[in-house]
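All remarks here apply to the structure that follows.
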Amino acid sequence: MKKNWPVLLFLAVALAALFLPAVTLHVHSQLGEETAALFPSSLSLADVTFRGSSALPVSQVPAMEAISFGGWMAAGSLLLLAAAAVITLLPGRYSLGLGLGAAIASMCLGGAFASHLANLSSSLYFSMFISTQFSVWVPAVMALGTAVYLLIALLKAEKEAEPDDGASRRFRLLAAAAALAALLMFVLPVYTVHVPAAFTEDPADAAKLNRSVSLFTAAAGSGSMLSTERQEAGYSRLFTGEMAELESFSSEANNIRGIFQIPESSSTASVNISLIVCAALLVLTIVLALIPGVDKWFLAASAVLATITGIASALSLISVSQADMYTGASRQLVYLGLGGITPVPLLMIGFSAASAVFGVLSIRRANAPYFVNPIPKKRQLQVVSCCLALVAVVSILMPSVSMSFYKPGKTQIQSSATVTGMDILKLQAPENVSSPKDKKGAAMYSDEASDGQLTASAVSGAMNGLVRTLGITGWFALGLTAAGCCLVILRKNRKLAITLFLLAFALRIVGWLAVLTGMPKAVGTASCTVFFYVSLPALVFAAFFANFMHEEELPKKYKLFLMMLPFLVAVLLFSYLPLYGWSYAFFNYKFGQPLSDQEFVGFKWFTEMWTNPANRENIVRVLKNTFGMSGLNLLTSWLPMVFAIFLNEVANTRFKKFVQIFTTLPNFISWALVFSFAMCLFAMDTGIWSKFMLGIGAIKEPVVWLNSPDHIWLKMWAWSTWKGLGWGAIMYLAAISGIDQELYEAARVDGANRWHQMRYITLPGLLPTFFVLLMLSISNILNNGMEQYLVFQNPMNKATIEVLDLYVYNITIASRGTTLYAFATAIGILKTLVSVTLLFTANFASKKLRGESIV
Amino acid sequence: MSKQKNTQNQSTHDKHHHMQLSTGDKIFNFVNYTVFTLITIACLFPFYYLFINTISDNELVRLGYIQLYPQGIHLQNYVEVMKINGILDALLVSVTRTVLGTVWTVGGSAMLGYLVTKQEMWLRKVWYRLIVITMYFSAGLIPWYMNLRMLGFLDNFWVYVIPGLVSPYNVILVKTFIEALPPSLEESATLDGAGYMRCFANVIIPLITPILATLCIFSAVGQWNSFTDTMMLMPSGKYYTLQFLLYKYQNEASSLAALVRSTQDSSSLANLATKQTALSVRMTVAMVVTFPILLVYPFFQRYFVKGIMIGAVKG
């Protein structure tokens, strides 16, 4: 088929990418110059794929092995893509479908290869660094493109074809293929553990510690953990090493030690179960798709369920990987090559979803020409309600609470774990939570309590109390939800169903309160994880939809509200949730620890601003700069208006347009770029300003212009005017075009000259706009932003350029290991309060003076 | 419509003036034209200056001879700068975030702007106020940072895109625009059996393209220019954008010099005229960052004038 030539294009691009640099190796000098010379500095995909271990000194560094191991995946991916191209170009009924299958398989392999390499690159080796270029992703992306293209072509071809059972069968086969692809995802690496050879004396040990974990091994529940002997052997080598690099990590050694324990946490149980269920459902989907007589509705339903459990398993995998046995462990994962989770679970979900879509399409083809929703209309809201209740049930069983323990008096967290709902339902704390397995943890909770140490019985006592509360509320919530679900299915007693769901919700809230407050401070803290929070809205919405279970359709006002809901959630998450952070200002906040572990200090940070002389000095200085520079801008805020008035007097429209376009241009470049300009124009010896000043004899020898702290306020004013003048004028030009032209005519008839017209018509016409803008800029006097001052800041001018926003940034995010987060938050709170007050004052003034509001 | 009328009026008014130019008018015109020419030159010259410095002989640039016109023109700087480790990745990140971020923000604003015009929504006014009020306060830098950190957006590409879903100012613009449309169009579509989504996609979207174009430009320029978010939210150095690299190169002269050395094959063979210096790399990266804006700018200029007029009407 000639039509399918784009597939060849995809293939050509993928092949071309073979020769781009794909992996860069930075060999650490520690290996010695000679060894370093053995390594190529950059590898193309072709190197990795076809030369394999022959090109790479594999024996030296395990990472090389990992790279060359990936080669077969890349080669396979490319071969499959080529096969897809060839198949689709052949004529025949099934060529598109077969080609699609090949392309999908190619995409899986290519994606797994790329994510494997990307994972490696995010890990830290003490002897070498790897970074991957985006060309690593090109074959996978091309395969994706091919798959999408073929899918569209296939759907188009199907649309044109006569509806017959053949089409339905083809879609069933596709559904089976997608389910198979999803199942294949189980063998690909989800994450890889790589221990640098330098850690161990014997490279064989490193090889033992290196492993890659697939969904299959995670489901089996064993492969993901290291055997105890290996752990011990690994540890002893890992932490007795005398390498200089290790010294700096010694404080984090405990964290590294913790990594090996994560998969041992009981929370993997939920991962295992959901993965096994998902795999079973995928197999079922394949079987159902391959048996011709089966109702296709079952096929689609099975695929949908597989997708849902897949999502649940991926989420619990993530929450398990983030369940820090020790604080910061997840950060340390990256150092050891467990660089997060690859997209494999996502691909798996994607394929399950594709299988579901194909299943639905096969129903649609069977019932051609129109799509018939398998759920009767009057049952739809009922089904939605039940599904939500099901989500609530699942989320109650998933990992939902994470706990951390520390020695009394020490805020550094020693150990933490995530507990699943299933653990909790047993009504006793899981063993490995109350008695950590590793030696240090065990010593911490030993029964022979020396001073300040917790006893194991104290820990398990505290834990059991909390877990029992959670367990009982959990059991009841489960029961109530299930009962409510039954009522909805039977379409009986709407009000009782709603009450049951809401009661379950209330019980979850009780559990939530128990989690937040139930753990004695002396032992540690507990917090809820994603699944806990998922169960809350699921229950509320289950009740919401149960309310309409007799209806055919949701009332319009609620439909609109549901459409609005995602946006409201986004607003809450990104605009209102940060307000919670204001509470940091009242704690002795230490970065990176939960608020519940922090010391409450009341208004200490607010009074610090004035009582601590050093702080007071800084704040006065910074406020002076802020008001100084904002003030200069305020004093000259009439400039754009004058600019617009005079530009309006330019008769030549082409010239006017030209000026308007090019004076606006600076507004569209970033401050980083403005600084580039400044650096070139005002360079001490080469800049044009220097040359000019030397030329006219204003200075005798080159002077430092840019970095000097002199007149910094004026300089900043000049740059912001340069950037903003033309842009500011546009608003006024727009306002001028709104002035009634007859006024000018009338004035001219009365003998007014040009000056009079500007003075008595244009200017008064613009004053309202000017007034509004002035009020807004007065209320923004504290918010002069930080980008401009940040780029122009240097050690010499810091004292006079630092505005409030920049100061807050400088003392917190920009400086490592700072303890001033709380202080900076306190400043932020005051700033916001002052700004809001100013705004409302300005608004009030505007209302009083002009009778209209500006906000 | 009104704009056309204005320009017409303007030109008749101008003709009227030409006929009776007094000496004072002449002087006024002369001064006016001169001042505006100077201002325009001041706005354009830095772009030109940077450009001639990137295409000139690097040795002459280093000595400060290139001031008003280029000498020893070559394009080697642009070729070499592309070889710097990370530049292509940064370009990819910048382009991706600009495209995705713009589509996401503008799509979200359009949808939300449409939804808030629907009187029949449950508690519409409450939700609308909840959204608009966020324009007037901010929690501050640290809470914002800690919040994104808590939500797992640190070192995450999607932080460039996802938080931009709701921008109250855009929502107000779209809402004002939709409210000015005749309601009959949507009503007739509803009578034909179209739901809200279909109305939005098939009736509203085609009608509000002018305002969407404006929003697209602002959002795209904002995304392209942003670098402080990379600076704060990417602590482990992932997903650097081109703007951030530019900022970084300006501040880290020593690391840049090392970078330049590493890209040079052998210094003895390299021609001084095309040999990369820290200065040339900085300027070339700056130029690379500027080009897309310079290219797109003239075509879309009219849209933002329109956009700000709509804004002004509201204000």
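Ligands are numbered from 1 in the order shown, residues from 1 within each chain, and chains are lettered A, B, ... in the order they appear in the structure tokens.
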
### Query
If you run DSSP on the backbone, which residues of segment 15-221 of chain B are alpha helix (DSSP H), as a PyMOL selection string?
chain B and resi 15-19+23-55+58-63+76-83+87-115+124-132+141-150+168-179+184-191+196-199+205-207+209-221

### Message
Residues of chain B were defined as contacting chain A if any atom lay at most 6 Å from it, counting only C-alpha atoms; please report them as a PyMOL selection string.
### Response
chain B and resi 14+40+43+46+64+67+120-122+139-140+142-144+147+225+247+309

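Among B:Leu75, B:Ala180, B:Leu245, B:Val296, the residue with the shortest atom-to-atom distance to Arg282 of chain B, counting only C-alpha atoms, is B:Leu245.
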
### Message
Taking only C-alpha atoms into account, name the residue in B:Asn156, B:Thr241, B:Ser219, B:Thr176 that is nearest to Leu88 of chain B.
### Response
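Ranking B:Asn156, B:Thr241, B:Ser219, B:Thr176 by distance to Leu88 of chain B, first place goes to B:Thr241.
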
### Task
Write out as a list in words the residues lying within 8 Å of Val81 of chain B, counting only C-alpha atoms and excluding same-chain residues fewer than 3 positions away.
Asn77, Tyr78, Ile84, Ile87, Val281, Thr284 and Val285 of chain B

May I have the residues from that selection written out with N, CA and C atoms, as a compact mmCIF listing (two decimals), in the first residue's frame?
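Writing done, so here's out.txt:
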```txt
# COMPACT_ATOMS: atom_id res chain seq x y z
N ASN B 77 30.16 30.05 15.59
CA ASN B 77 29.69 30.12 16.98
C ASN B 77 28.41 29.32 17.16
N TYR B 78 27.50 29.44 16.19
CA TYR B 78 26.21 28.76 16.33
C TYR B 78 26.38 27.27 16.20
N ILE B 84 27.63 21.97 22.72
CA ILE B 84 27.82 21.98 24.17
C ILE B 84 26.88 20.97 24.81
N ILE B 87 22.89 21.48 25.77
CA ILE B 87 22.15 22.55 25.08
C ILE B 87 20.95 21.99 24.33
N VAL B 281 30.35 32.18 23.76
CA VAL B 281 29.31 31.20 24.09
C VAL B 281 28.11 31.88 24.74
N THR B 284 26.20 33.84 22.14
CA THR B 284 25.50 33.01 21.16
C THR B 284 24.28 32.35 21.78
N VAL B 285 24.45 31.87 23.01
CA VAL B 285 23.28 31.27 23.67
C VAL B 285 22.18 32.31 23.81
```

### Message
Can you pull out the residues contacting segment 495-507 of chain A? Cut-off 10 Å, using only C-alpha atoms, and skip same-chain residues under 3 positions away; I want them as a PyMOL selection string.
### Response
chain A and resi 389+392+470+472-488+491-492+510-513+535-547
